[in-house]
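As provided, run.pdb (PDB, C-alpha atoms and all ligand atoms) reads as follows.
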ATOM      1  CA  LEU A   1     186.961 215.360 -88.534
ATOM      2  CA  THR A   2     189.119 213.415 -86.141
ATOM      3  CA  THR A   3     190.391 215.077 -83.003
ATOM      4  CA  ALA A   4     193.976 214.610 -84.185
ATOM      5  CA  VAL A   5     193.307 216.417 -87.422
ATOM      6  CA  ALA A   6     191.410 219.170 -85.640
ATOM      7  CA  ALA A   7     194.296 219.563 -83.196
ATOM      8  CA  THR A   8     196.765 219.766 -86.073
ATOM      9  CA  ALA A   9     194.635 222.423 -87.710
ATOM     10  CA  LEU A  10     194.583 224.432 -84.512
ATOM     11  CA  MET A  11     198.335 224.254 -84.179
ATOM     12  CA  THR A  12     198.956 225.244 -87.765
ATOM     13  CA  GLY A  13     196.589 228.153 -87.821
ATOM     14  CA  ALA A  14     194.104 226.469 -90.140
ATOM     15  CA  THR A  15     191.372 227.396 -87.674
ATOM     16  CA  GLY A  16     189.775 229.847 -90.073
ATOM     17  CA  ALA A  17     189.311 227.014 -92.515
ATOM     18  CA  MET A  18     187.975 224.712 -89.835
ATOM     19  CA  ALA A  19     185.372 227.245 -88.826
ATOM     20  CA  ALA A  20     184.296 227.454 -92.454
ATOM     21  CA  CYS A  21     183.454 223.719 -92.643
ATOM     22  CA  GLU A  22     179.882 223.108 -91.696
ATOM     23  CA  GLY A  23     176.886 220.931 -92.391
ATOM     24  CA  ASP A  24     177.169 218.780 -95.450
ATOM     25  CA  GLU A  25     179.802 220.822 -97.247
ATOM     26  CA  ILE A  26     182.336 218.787 -99.211
ATOM     27  CA  VAL A  27     185.567 218.922 -97.192
ATOM     28  CA  ILE A  28     188.700 219.480 -99.260
ATOM     29  CA  LYS A  29     191.918 218.868 -97.347
ATOM     30  CA  PHE A  30     195.058 220.270 -98.959
ATOM     31  CA  SER A  31     198.288 218.959 -97.478
ATOM     32  CA  HIS A  32     201.700 220.425 -98.287
ATOM     33  CA  VAL A  33     205.195 220.640 -96.862
ATOM     34  CA  THR A  34     206.334 224.264 -97.055
ATOM     35  CA  ASN A  35     205.627 227.287 -94.924
ATOM     36  CA  SER A  36     202.431 229.098 -95.722
ATOM     37  CA  ASP A  37     203.690 232.647 -96.186
ATOM     38  CA  LYS A  38     206.549 234.120 -98.249
ATOM     39  CA  HIS A  39     206.531 230.905-100.247
ATOM     40  CA  PRO A  40     205.055 230.443-103.742
ATOM     41  CA  LYS A  41     203.215 227.244-102.824
ATOM     42  CA  GLY A  42     202.158 228.378 -99.368
ATOM     43  CA  ILE A  43     200.760 231.659-100.659
ATOM     44  CA  ALA A  44     198.926 229.959-103.529
ATOM     45  CA  ALA A  45     197.419 227.289-101.260
ATOM     46  CA  SER A  46     196.236 229.933 -98.782
ATOM     47  CA  LEU A  47     194.701 232.039-101.539
ATOM     48  CA  LEU A  48     192.959 228.974-102.951
ATOM     49  CA  MET A  49     191.550 228.200 -99.500
ATOM     50  CA  GLU A  50     190.288 231.756 -99.004
ATOM     51  CA  ARG A  51     188.584 231.835-102.366
ATOM     52  CA  VAL A  52     187.002 228.394-102.082
ATOM     53  CA  ASN A  53     185.701 229.158 -98.612
ATOM     54  CA  ALA A  54     184.287 232.506 -99.700
ATOM     55  CA  GLU A  55     182.914 231.556-103.107
ATOM     56  CA  MET A  56     181.832 227.965-102.537
ATOM     57  CA  ASN A  57     180.373 228.472 -99.065
ATOM     58  CA  GLY A  58     177.567 225.985 -98.452
ATOM     59  CA  LYS A  59     178.896 223.624-101.138
ATOM     60  CA  ALA A  60     182.519 222.991-100.194
ATOM     61  CA  CYS A  61     185.143 224.053 -97.716
ATOM     62  CA  MET A  62     188.921 223.800 -97.786
ATOM     63  CA  GLU A  63     191.457 223.261 -95.038
ATOM     64  CA  VAL A  64     195.161 223.709 -95.738
ATOM     65  CA  PHE A  65     197.731 221.808 -93.691
ATOM     66  CA  PRO A  66     201.168 223.330 -94.406
ATOM     67  CA  ASN A  67     204.646 222.420 -93.078
ATOM     68  CA  SER A  68     204.227 218.623 -93.346
ATOM     69  CA  THR A  69     201.815 218.770 -90.386
ATOM     70  CA  LEU A  70     199.495 216.256 -92.025
ATOM     71  CA  TYR A  71     201.705 214.303 -94.437
ATOM     72  CA  ASN A  72     205.205 214.279 -95.869
ATOM     73  CA  ASP A  73     205.541 214.156 -99.642
ATOM     74  CA  ASP A  74     206.402 210.466 -99.497
ATOM     75  CA  GLN A  75     203.074 209.754 -97.745
ATOM     76  CA  VAL A  76     200.703 212.213 -99.321
ATOM     77  CA  LEU A  77     200.004 210.521-102.647
ATOM     78  CA  GLU A  78     199.229 207.233-100.926
ATOM     79  CA  ALA A  79     196.953 209.097 -98.489
ATOM     80  CA  MET A  80     195.243 210.711-101.459
ATOM     81  CA  LEU A  81     194.575 207.351-103.070
ATOM     82  CA  GLN A  82     193.074 206.228 -99.733
ATOM     83  CA  GLY A  83     190.786 209.279 -99.725
ATOM     84  CA  ASP A  84     192.379 210.848 -96.634
ATOM     85  CA  VAL A  85     193.420 214.054 -98.408
ATOM     86  CA  GLN A  86     192.008 215.612-101.571
ATOM     87  CA  LEU A  87     194.631 218.048-102.842
ATOM     88  CA  ALA A  88     198.412 218.266-102.669
ATOM     89  CA  ALA A  89     201.139 219.938-104.685
ATOM     90  CA  PRO A  90     204.307 217.859-104.412
ATOM     91  CA  SER A  91     207.354 218.920-106.370
ATOM     92  CA  LEU A  92     207.577 217.298-109.797
ATOM     93  CA  SER A  93     210.561 215.288-108.537
ATOM     94  CA  LYS A  94     208.175 213.296-106.358
ATOM     95  CA  PHE A  95     206.207 211.898-109.304
ATOM     96  CA  GLU A  96     208.881 209.831-110.979
ATOM     97  CA  GLN A  97     207.713 206.722-109.150
ATOM     98  CA  PHE A  98     204.471 207.127-111.136
ATOM     99  CA  THR A  99     205.853 208.233-114.491
ATOM    100  CA  LYS A 100     209.389 208.613-115.751
ATOM    101  CA  GLN A 101     208.402 211.444-118.101
ATOM    102  CA  PHE A 102     208.640 213.817-115.163
ATOM    103  CA  ARG A 103     212.369 213.204-115.026
ATOM    104  CA  ILE A 104     212.826 215.956-117.601
ATOM    105  CA  PHE A 105     212.126 218.548-114.898
ATOM    106  CA  ASP A 106     214.946 217.223-112.711
ATOM    107  CA  LEU A 107     217.644 217.133-115.389
ATOM    108  CA  PRO A 108     220.282 219.738-114.456
ATOM    109  CA  PHE A 109     220.485 222.818-116.693
ATOM    110  CA  MET A 110     217.501 221.645-118.779
ATOM    111  CA  PHE A 111     215.537 224.885-118.301
ATOM    112  CA  ARG A 112     217.084 228.342-118.371
ATOM    113  CA  ASN A 113     214.496 229.864-116.060
ATOM    114  CA  ILE A 114     210.933 229.440-114.800
ATOM    115  CA  GLU A 115     209.512 231.142-117.903
ATOM    116  CA  ALA A 116     211.004 228.294-119.953
ATOM    117  CA  VAL A 117     209.463 225.748-117.575
ATOM    118  CA  ASP A 118     206.116 227.508-117.959
ATOM    119  CA  ALA A 119     206.339 227.425-121.754
ATOM    120  CA  PHE A 120     207.230 223.724-121.745
ATOM    121  CA  GLN A 121     204.347 222.896-119.382
ATOM    122  CA  ASN A 122     201.954 224.810-121.603
ATOM    123  CA  SER A 123     203.012 222.818-124.670
ATOM    124  CA  GLU A 124     200.909 219.848-125.725
ATOM    125  CA  THR A 125     203.451 217.481-124.141
ATOM    126  CA  GLY A 126     203.410 219.399-120.870
ATOM    127  CA  GLN A 127     199.624 219.537-120.677
ATOM    128  CA  ALA A 128     199.370 215.803-121.417
ATOM    129  CA  MET A 129     201.611 215.127-118.406
ATOM    130  CA  LYS A 130     198.785 216.218-116.125
ATOM    131  CA  GLU A 131     196.851 213.139-117.205
ATOM    132  CA  SER A 132     199.802 210.766-117.340
ATOM    133  CA  MET A 133     199.043 209.210-113.936
ATOM    134  CA  VAL A 134     195.308 208.729-114.344
ATOM    135  CA  ARG A 135     195.666 204.969-114.601
ATOM    136  CA  ARG A 136     197.465 205.090-111.249
ATOM    137  CA  GLY A 137     194.533 207.014-109.782
ATOM    138  CA  LEU A 138     196.004 210.531-109.785
ATOM    139  CA  LEU A 139     194.910 213.523-111.833
ATOM    140  CA  GLY A 140     197.070 216.626-112.274
ATOM    141  CA  LEU A 141     195.058 219.844-112.250
ATOM    142  CA  GLU A 142     197.627 222.653-112.565
ATOM    143  CA  PHE A 143     201.361 223.312-112.493
ATOM    144  CA  TRP A 144     202.540 225.710-109.794
ATOM    145  CA  HIS A 145     205.935 227.360-109.984
ATOM    146  CA  ASN A 146     208.629 227.840-107.387
ATOM    147  CA  GLY A 147     212.074 228.708-108.761
ATOM    148  CA  MET A 148     215.637 227.760-109.606
ATOM    149  CA  LYS A 149     217.682 225.556-107.285
ATOM    150  CA  GLN A 150     220.854 226.698-105.536
ATOM    151  CA  MET A 151     223.545 224.643-103.795
ATOM    152  CA  SER A 152     224.578 225.008-100.171
ATOM    153  CA  ALA A 153     227.008 223.167 -97.920
ATOM    154  CA  ASN A 154     228.927 223.419 -94.683
ATOM    155  CA  LYS A 155     231.926 224.695 -96.660
ATOM    156  CA  PRO A 156     232.330 227.174 -99.525
ATOM    157  CA  LEU A 157     231.332 225.777-102.934
ATOM    158  CA  ILE A 158     232.760 227.483-105.987
ATOM    159  CA  SER A 159     233.798 224.583-108.183
ATOM    160  CA  PRO A 160     231.889 221.285-108.300
ATOM    161  CA  SER A 161     235.067 219.630-107.012
ATOM    162  CA  ASP A 162     234.498 221.516-103.733
ATOM    163  CA  ALA A 163     231.452 219.316-103.187
ATOM    164  CA  ALA A 164     233.209 216.019-103.923
ATOM    165  CA  GLY A 165     233.116 213.618-100.991
ATOM    166  CA  LEU A 166     230.262 215.448 -99.233
ATOM    167  CA  LYS A 167     226.804 214.086 -98.404
ATOM    168  CA  PHE A 168     223.850 216.067 -99.742
ATOM    169  CA  ARG A 169     220.193 215.661 -98.948
ATOM    170  CA  VAL A 170     218.209 215.034-102.118
ATOM    171  CA  GLN A 171     214.559 214.574-102.969
ATOM    172  CA  PRO A 172     213.771 210.948-103.806
ATOM    173  CA  SER A 173     214.608 211.206-107.523
ATOM    174  CA  ASP A 174     216.970 209.030-109.516
ATOM    175  CA  VAL A 175     217.886 211.982-111.734
ATOM    176  CA  ILE A 176     218.896 214.129-108.788
ATOM    177  CA  LYS A 177     220.845 211.221-107.305
ATOM    178  CA  ALA A 178     222.715 210.816-110.595
ATOM    179  CA  GLN A 179     223.334 214.563-110.785
ATOM    180  CA  MET A 180     224.918 214.512-107.317
ATOM    181  CA  GLU A 181     226.969 211.411-108.069
ATOM    182  CA  ALA A 182     228.271 213.158-111.187
ATOM    183  CA  ILE A 183     230.008 215.695-108.931
ATOM    184  CA  GLY A 184     231.229 213.106-106.433
ATOM    185  CA  VAL A 185     228.521 213.854-103.861
ATOM    186  CA  SER A 186     226.814 211.071-101.937
ATOM    187  CA  PRO A 187     223.036 211.662-102.299
ATOM    188  CA  GLN A 188     220.873 211.062 -99.227
ATOM    189  CA  PRO A 189     217.128 210.991 -99.956
ATOM    190  CA  MET A 190     215.215 212.523 -97.069
ATOM    191  CA  ALA A 191     211.862 214.159 -96.366
ATOM    192  CA  PHE A 192     211.833 217.951 -96.563
ATOM    193  CA  SER A 193     210.816 218.317 -92.913
ATOM    194  CA  GLU A 194     213.963 216.489 -91.795
ATOM    195  CA  VAL A 195     216.511 218.515 -93.742
ATOM    196  CA  TYR A 196     217.180 221.306 -91.240
ATOM    197  CA  GLY A 197     217.920 218.848 -88.439
ATOM    198  CA  ALA A 198     220.090 216.710 -90.683
ATOM    199  CA  LEU A 199     222.148 219.732 -91.745
ATOM    200  CA  GLN A 200     222.399 220.939 -88.171
ATOM    201  CA  THR A 201     223.602 217.629 -86.757
ATOM    202  CA  GLY A 202     225.912 216.878 -89.672
ATOM    203  CA  VAL A 203     223.972 213.848 -90.902
ATOM    204  CA  VAL A 204     224.340 215.588 -94.270
ATOM    205  CA  ASP A 205     226.752 218.343 -95.319
ATOM    206  CA  GLY A 206     224.698 220.127 -97.912
ATOM    207  CA  GLN A 207     221.527 220.381 -99.944
ATOM    208  CA  GLU A 208     220.018 221.972-103.044
ATOM    209  CA  ASN A 209     216.849 224.009-103.047
ATOM    210  CA  THR A 210     215.165 227.237-104.122
ATOM    211  CA  TRP A 211     215.535 230.578-102.350
ATOM    212  CA  SER A 212     212.062 230.387-100.833
ATOM    213  CA  ASN A 213     212.768 226.938 -99.388
ATOM    214  CA  ILE A 214     216.248 227.909 -98.158
ATOM    215  CA  TYR A 215     214.677 230.926 -96.497
ATOM    216  CA  GLY A 216     211.473 229.286 -95.282
ATOM    217  CA  GLN A 217     213.256 226.303 -93.721
ATOM    218  CA  LYS A 218     216.171 228.469 -92.501
ATOM    219  CA  PHE A 219     218.750 226.169 -94.098
ATOM    220  CA  PHE A 220     221.107 229.169 -94.316
ATOM    221  CA  GLU A 221     221.439 229.103 -90.519
ATOM    222  CA  VAL A 222     223.166 225.722 -90.619
ATOM    223  CA  GLN A 223     225.223 226.105 -93.819
ATOM    224  CA  ASP A 224     228.434 227.955 -94.616
ATOM    225  CA  GLY A 225     226.775 229.764 -97.495
ATOM    226  CA  ILE A 226     224.694 229.364-100.618
ATOM    227  CA  THR A 227     226.174 229.184-104.107
ATOM    228  CA  GLU A 228     223.962 230.694-106.790
ATOM    229  CA  THR A 229     224.157 227.895-109.340
ATOM    230  CA  ASN A 230     220.608 228.086-110.751
ATOM    231  CA  HIS A 231     221.322 224.527-111.893
ATOM    232  CA  GLY A 232     217.809 223.114-111.812
ATOM    233  CA  ILE A 233     214.223 223.850-110.909
ATOM    234  CA  ILE A 234     211.597 223.084-108.314
ATOM    235  CA  ASP A 235     208.089 223.180-109.629
ATOM    236  CA  TYR A 236     204.854 221.569-108.529
ATOM    237  CA  MET A 237     201.791 219.821-109.794
ATOM    238  CA  VAL A 238     198.518 220.269-107.970
ATOM    239  CA  VAL A 239     197.070 216.752-107.868
ATOM    240  CA  THR A 240     193.892 215.088-106.793
ATOM    241  CA  SER A 241     192.562 211.550-106.848
ATOM    242  CA  VAL A 242     190.629 210.503-109.934
ATOM    243  CA  ASP A 243     188.038 208.743-107.758
ATOM    244  CA  TRP A 244     187.371 211.779-105.598
ATOM    245  CA  TRP A 245     187.337 214.192-108.532
ATOM    246  CA  GLU A 246     184.840 212.061-110.418
ATOM    247  CA  SER A 247     182.641 211.772-107.336
ATOM    248  CA  LEU A 248     182.119 215.556-107.228
ATOM    249  CA  PRO A 249     178.903 217.089-108.533
ATOM    250  CA  GLU A 250     179.616 218.772-111.892
ATOM    251  CA  ASP A 251     178.990 222.294-110.588
ATOM    252  CA  VAL A 252     181.432 221.751-107.710
ATOM    253  CA  SER A 253     184.282 220.381-109.827
ATOM    254  CA  SER A 254     183.864 223.035-112.494
ATOM    255  CA  GLN A 255     183.786 225.903-109.983
ATOM    256  CA  LEU A 256     186.779 224.464-108.138
ATOM    257  CA  ARG A 257     188.677 224.097-111.401
ATOM    258  CA  THR A 258     187.926 227.706-112.356
ATOM    259  CA  ILE A 259     189.051 229.097-109.009
ATOM    260  CA  LEU A 260     192.161 226.908-109.035
ATOM    261  CA  ASN A 261     193.013 228.066-112.537
ATOM    262  CA  GLU A 262     192.614 231.744-111.610
ATOM    263  CA  VAL A 263     194.764 231.305-108.499
ATOM    264  CA  THR A 264     197.368 229.498-110.611
ATOM    265  CA  VAL A 265     197.565 232.260-113.209
ATOM    266  CA  GLU A 266     197.774 234.958-110.534
ATOM    267  CA  ARG A 267     200.362 233.283-108.323
ATOM    268  CA  ASN A 268     202.515 231.841-111.131
ATOM    269  CA  ALA A 269     202.844 235.377-112.467
ATOM    270  CA  ALA A 270     204.154 236.505-109.065
ATOM    271  CA  VAL A 271     206.774 233.821-108.358
ATOM    272  CA  GLY A 272     209.685 235.889-109.626
ATOM    273  CA  GLN A 273     209.007 238.465-106.917
ATOM    274  CA  VAL A 274     208.545 235.867-104.157
ATOM    275  CA  ASP A 275     211.838 234.250-105.214
ATOM    276  CA  ALA A 276     213.706 237.575-105.295
ATOM    277  CA  ASP A 277     212.281 238.557-101.905
ATOM    278  CA  ALA A 278     213.385 235.235-100.399
ATOM    279  CA  ARG A 279     216.910 235.666-101.782
ATOM    280  CA  GLN A 280     217.048 239.152-100.292
ATOM    281  CA  ALA A 281     215.719 237.878 -96.966
ATOM    282  CA  VAL A 282     218.501 235.259 -96.868
ATOM    283  CA  LEU A 283     221.040 238.038 -97.463
ATOM    284  CA  ASP A 284     219.422 240.282 -94.847
ATOM    285  CA  ALA A 285     219.656 237.416 -92.357
ATOM    286  CA  GLY A 286     223.427 237.636 -92.744
ATOM    287  CA  ALA A 287     223.999 234.560 -94.905
ATOM    288  CA  THR A 288     226.758 234.409 -97.520
ATOM    289  CA  ILE A 289     225.600 234.122-101.123
ATOM    290  CA  ARG A 290     228.323 233.175-103.592
ATOM    291  CA  GLU A 291     227.731 234.267-107.169
ATOM    292  CA  LEU A 292     229.578 232.430-109.922
ATOM    293  CA  THR A 293     231.337 233.907-112.934
ATOM    294  CA  PRO A 294     230.159 232.463-116.275
ATOM    295  CA  GLU A 295     233.367 230.381-116.375
ATOM    296  CA  GLN A 296     232.808 229.036-112.857
ATOM    297  CA  ARG A 297     229.195 228.180-113.641
ATOM    298  CA  GLN A 298     230.269 226.402-116.809
ATOM    299  CA  GLU A 299     232.249 223.966-114.640
ATOM    300  CA  TRP A 300     228.959 222.870-113.003
ATOM    301  CA  VAL A 301     227.327 222.533-116.408
ATOM    302  CA  ASP A 302     230.203 220.399-117.701
ATOM    303  CA  ALA A 303     230.155 218.178-114.628
ATOM    304  CA  MET A 304     226.402 217.620-114.401
ATOM    305  CA  LYS A 305     224.974 217.776-117.903
ATOM    306  CA  PRO A 306     226.316 214.340-118.933
ATOM    307  CA  VAL A 307     223.512 212.765-116.846
ATOM    308  CA  TRP A 308     221.077 213.747-119.621
ATOM    309  CA  GLU A 309     222.443 210.843-121.624
ATOM    310  CA  GLN A 310     221.510 208.391-118.881
ATOM    311  CA  PHE A 311     217.850 209.472-118.825
ATOM    312  CA  LYS A 312     217.160 210.415-122.421
ATOM    313  CA  ASP A 313     215.156 207.272-123.114
ATOM    314  CA  ASP A 314     212.937 207.920-120.087
ATOM    315  CA  VAL A 315     212.124 211.499-121.002
ATOM    316  CA  GLY A 316     212.332 211.291-124.798
ATOM    317  CA  GLN A 317     214.930 213.033-126.945
ATOM    318  CA  GLU A 318     212.133 214.978-128.660
ATOM    319  CA  ASN A 319     211.121 216.458-125.299
ATOM    320  CA  ILE A 320     214.706 217.411-124.509
ATOM    321  CA  ASP A 321     214.895 219.063-127.936
ATOM    322  CA  ALA A 322     211.615 220.900-127.299
ATOM    323  CA  ALA A 323     212.854 222.175-123.923
ATOM    324  CA  GLN A 324     216.111 223.335-125.496
ATOM    325  CA  ALA A 325     214.284 225.119-128.288
ATOM    326  CA  ILE A 326     212.292 227.041-125.655
ATOM    327  CA  ASN A 327     215.533 228.077-123.897
ATOM    328  CA  ALA A 328     217.029 229.436-127.103
TER     329      ALA A 328
HETATM  330  C1  LIG B 401     211.845 219.464-101.306
HETATM  331  O1  LIG B 401     211.484 218.337-100.925
HETATM  332  O2  LIG B 401     212.984 219.907-101.156
HETATM  333  C2  LIG B 401     210.847 220.356-101.975
HETATM  334  O3  LIG B 401     210.211 219.648-102.962
HETATM  335  C3  LIG B 401     209.859 220.882-100.989
HETATM  336  C4  LIG B 401     208.828 221.708-101.692
HETATM  337  O4  LIG B 401     207.687 221.303-101.712
HETATM  338  O5  LIG B 401     209.196 222.773-102.198
END
For this file, write the structure as structure tokens.
Amino acid sequence: LTTAVAATALMTGATGAMAACEGDEIVIKFSHVTNSDKHPKGIAASLLMERVNAEMNGKACMEVFPNSTLYNDDQVLEAMLQGDVQLAAPSLSKFEQFTKQFRIFDLPFMFRNIEAVDAFQNSETGQAMKESMVRRGLLGLEFWHNGMKQMSANKPLISPSDAAGLKFRVQPSDVIKAQMEAIGVSPQPMAFSEVYGALQTGVVDGQENTWSNIYGQKFFEVQDGITETNHGIIDYMVVTSVDWWESLPEDVSSQLRTILNEVTVERNAAVGQVDADARQAVLDAGATIRELTPEQRQEWVDAMKPVWEQFKDDVGQENIDAAQAINA
């Protein structure tokens, strides 16, 4: 390990993992961008690390680098292809540069809730998506859930017209850009680690994210309030590099896959609670949460849903139909 990486690990509390790496164990670095506790991804990554280090001791060891301390999402896949990191779990919005199929997950109001996302991912189409980037060198191992996205800004948002003329930070996704443009918002793609500062200094006026991200990054501190739109989803794919995965001894990859699958099942089943706890924590911190009446929410649906038309060839009408059938 380089000194810089070791220093980063010390600062981020990954020292337990560092201590676990010894001898000729296979080192598995997992880089992600969220906080490591009270967050669906952070908790799952930490649990994965604990189990790998306990159960694969002598064969492999894992180090988790949370909070963008090793890479941002716009760097991590490249770093993975270079062999500098072995696991990551970027949001599905970050994969559209590799395959446009993933755009279905960003379409506003496509999925009613995370259970619907789960059902879609477990369909044949969803499972095939894990292998859709193999020719680009990336292999999806599991889907990890987060939750529904909410809108926040430096002014109250009730109707989509309240957001018109504002600048919102977005993930680098053409679908999300189009969704924001549909309500007259100017989308500003930006790395997750930069959002708090950008909201604080007024570089952007607002953002969309899940309760655990709004809580974990403290966005509520620098926003007027959060409007409970539940207009989209943030979900993840745990990815690795095809080259690295294929270089692993069979017993190592199969044990890692089993542990990862068990962690996935356990933590995906618990995301509803993590999400609800984060929402409550935002409230307890004194932030304003604005709930919408069904009529008010319908205004957001009417304003944003027309972007489906623009992307239906990328995602496939049959997939849109399948997602809608799951919602019903
Ligand atoms: C974001 O960039 O807003 C999210 O994808 C961050 C994350 O990993 O939840």
**OP:** Residues up to 8 Å from ligand LIG 401 (chain B), counting all atoms listed in the file: could you list those as a ChimeraX atom specification?
**Re:** /A:32-34,41,73,89-94,146,170-171,190-192,208-210,213,234-236
Create the file for the chosen residues now, containing C-alpha atoms and written as a PDB file, in the frame of the given file.
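That gives us part27.pdb:
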ATOM      1  CA  HIS A  32     201.700 220.425 -98.287  1.00  0.00           C
ATOM      2  CA  VAL A  33     205.195 220.640 -96.862  1.00  0.00           C
ATOM      3  CA  THR A  34     206.334 224.264 -97.055  1.00  0.00           C
ATOM      4  CA  LYS A  41     203.215 227.244-102.824  1.00  0.00           C
ATOM      5  CA  ASP A  73     205.541 214.156 -99.642  1.00  0.00           C
ATOM      6  CA  ALA A  89     201.139 219.938-104.685  1.00  0.00           C
ATOM      7  CA  PRO A  90     204.307 217.859-104.412  1.00  0.00           C
ATOM      8  CA  SER A  91     207.354 218.920-106.370  1.00  0.00           C
ATOM      9  CA  LEU A  92     207.577 217.298-109.797  1.00  0.00           C
ATOM     10  CA  SER A  93     210.561 215.288-108.537  1.00  0.00           C
ATOM     11  CA  LYS A  94     208.175 213.296-106.358  1.00  0.00           C
ATOM     12  CA  ASN A 146     208.629 227.840-107.387  1.00  0.00           C
ATOM     13  CA  VAL A 170     218.209 215.034-102.118  1.00  0.00           C
ATOM     14  CA  GLN A 171     214.559 214.574-102.969  1.00  0.00           C
ATOM     15  CA  MET A 190     215.215 212.523 -97.069  1.00  0.00           C
ATOM     16  CA  ALA A 191     211.862 214.159 -96.366  1.00  0.00           C
ATOM     17  CA  PHE A 192     211.833 217.951 -96.563  1.00  0.00           C
ATOM     18  CA  GLU A 208     220.018 221.972-103.044  1.00  0.00           C
ATOM     19  CA  ASN A 209     216.849 224.009-103.047  1.00  0.00           C
ATOM     20  CA  THR A 210     215.165 227.237-104.122  1.00  0.00           C
ATOM     21  CA  ASN A 213     212.768 226.938 -99.388  1.00  0.00           C
ATOM     22  CA  ILE A 234     211.597 223.084-108.314  1.00  0.00           C
ATOM     23  CA  ASP A 235     208.089 223.180-109.629  1.00  0.00           C
ATOM     24  CA  TYR A 236     204.854 221.569-108.529  1.00  0.00           C
TER      25      TYR A 236
END
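In this structure, CA of Asn67 (chain A) sits 12.6 Å away from CA of Ser46 (chain A).
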Original post:
For the file shown, what are the residues hit by the PyMOL selection byres (((chain A and resi 29) around 6) and not hetatm), laid out as a list of chain:residue names?
Top reply: A:Ile28, A:Phe30, A:Met62, A:Glu63, A:Val85, A:Gln86
**OP:** Please identify all polymer residues lying at most 10 Å from the point (201.9, 218.5, -119.3) (file coordinates), using all atoms listed in the file, and present the result as an MDAnalysis selection string.
**Re:** chainID A and resid 101:102 120:132 140:143 237
Subject >> Long-range neighbours of His145 (chain A) as a ChimeraX atom specification, 12 Å cut-off, only C-alpha atoms, 4 positions minimum in chain >> reply: /A:39-44,89-92,105,113-119,121,210,212,233-238,263-275
With C-alpha atoms retained, write the just-selected residues as a PDB file, in the frame of the given file.
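After the write, part.pdb holds the following:
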ATOM      1  CA  HIS A  39     206.531 230.905-100.247  1.00  0.00           C
ATOM      2  CA  PRO A  40     205.055 230.443-103.742  1.00  0.00           C
ATOM      3  CA  LYS A  41     203.215 227.244-102.824  1.00  0.00           C
ATOM      4  CA  GLY A  42     202.158 228.378 -99.368  1.00  0.00           C
ATOM      5  CA  ILE A  43     200.760 231.659-100.659  1.00  0.00           C
ATOM      6  CA  ALA A  44     198.926 229.959-103.529  1.00  0.00           C
ATOM      7  CA  ALA A  89     201.139 219.938-104.685  1.00  0.00           C
ATOM      8  CA  PRO A  90     204.307 217.859-104.412  1.00  0.00           C
ATOM      9  CA  SER A  91     207.354 218.920-106.370  1.00  0.00           C
ATOM     10  CA  LEU A  92     207.577 217.298-109.797  1.00  0.00           C
ATOM     11  CA  PHE A 105     212.126 218.548-114.898  1.00  0.00           C
ATOM     12  CA  ASN A 113     214.496 229.864-116.060  1.00  0.00           C
ATOM     13  CA  ILE A 114     210.933 229.440-114.800  1.00  0.00           C
ATOM     14  CA  GLU A 115     209.512 231.142-117.903  1.00  0.00           C
ATOM     15  CA  ALA A 116     211.004 228.294-119.953  1.00  0.00           C
ATOM     16  CA  VAL A 117     209.463 225.748-117.575  1.00  0.00           C
ATOM     17  CA  ASP A 118     206.116 227.508-117.959  1.00  0.00           C
ATOM     18  CA  ALA A 119     206.339 227.425-121.754  1.00  0.00           C
ATOM     19  CA  GLN A 121     204.347 222.896-119.382  1.00  0.00           C
ATOM     20  CA  THR A 210     215.165 227.237-104.122  1.00  0.00           C
ATOM     21  CA  SER A 212     212.062 230.387-100.833  1.00  0.00           C
ATOM     22  CA  ILE A 233     214.223 223.850-110.909  1.00  0.00           C
ATOM     23  CA  ILE A 234     211.597 223.084-108.314  1.00  0.00           C
ATOM     24  CA  ASP A 235     208.089 223.180-109.629  1.00  0.00           C
ATOM     25  CA  TYR A 236     204.854 221.569-108.529  1.00  0.00           C
ATOM     26  CA  MET A 237     201.791 219.821-109.794  1.00  0.00           C
ATOM     27  CA  VAL A 238     198.518 220.269-107.970  1.00  0.00           C
ATOM     28  CA  VAL A 263     194.764 231.305-108.499  1.00  0.00           C
ATOM     29  CA  THR A 264     197.368 229.498-110.611  1.00  0.00           C
ATOM     30  CA  VAL A 265     197.565 232.260-113.209  1.00  0.00           C
ATOM     31  CA  GLU A 266     197.774 234.958-110.534  1.00  0.00           C
ATOM     32  CA  ARG A 267     200.362 233.283-108.323  1.00  0.00           C
ATOM     33  CA  ASN A 268     202.515 231.841-111.131  1.00  0.00           C
ATOM     34  CA  ALA A 269     202.844 235.377-112.467  1.00  0.00           C
ATOM     35  CA  ALA A 270     204.154 236.505-109.065  1.00  0.00           C
ATOM     36  CA  VAL A 271     206.774 233.821-108.358  1.00  0.00           C
ATOM     37  CA  GLY A 272     209.685 235.889-109.626  1.00  0.00           C
ATOM     38  CA  GLN A 273     209.007 238.465-106.917  1.00  0.00           C
ATOM     39  CA  VAL A 274     208.545 235.867-104.157  1.00  0.00           C
ATOM     40  CA  ASP A 275     211.838 234.250-105.214  1.00  0.00           C
TER      41      ASP A 275
END
Quick one: which residues end up in the PyMOL selection byres (((chain A and resi 186) around 8) and not hetatm) for this structure, as a PDB file with C-alpha atoms, keeping the file's coordinate frame?
ATOM      1  CA  GLY A 165     233.116 213.618-100.991  1.00  0.00           C
ATOM      2  CA  LEU A 166     230.262 215.448 -99.233  1.00  0.00           C
ATOM      3  CA  LYS A 167     226.804 214.086 -98.404  1.00  0.00           C
ATOM      4  CA  PHE A 168     223.850 216.067 -99.742  1.00  0.00           C
ATOM      5  CA  MET A 180     224.918 214.512-107.317  1.00  0.00           C
ATOM      6  CA  GLU A 181     226.969 211.411-108.069  1.00  0.00           C
ATOM      7  CA  GLY A 184     231.229 213.106-106.433  1.00  0.00           C
ATOM      8  CA  VAL A 185     228.521 213.854-103.861  1.00  0.00           C
ATOM      9  CA  PRO A 187     223.036 211.662-102.299  1.00  0.00           C
ATOM     10  CA  GLN A 188     220.873 211.062 -99.227  1.00  0.00           C
TER      11      GLN A 188
END
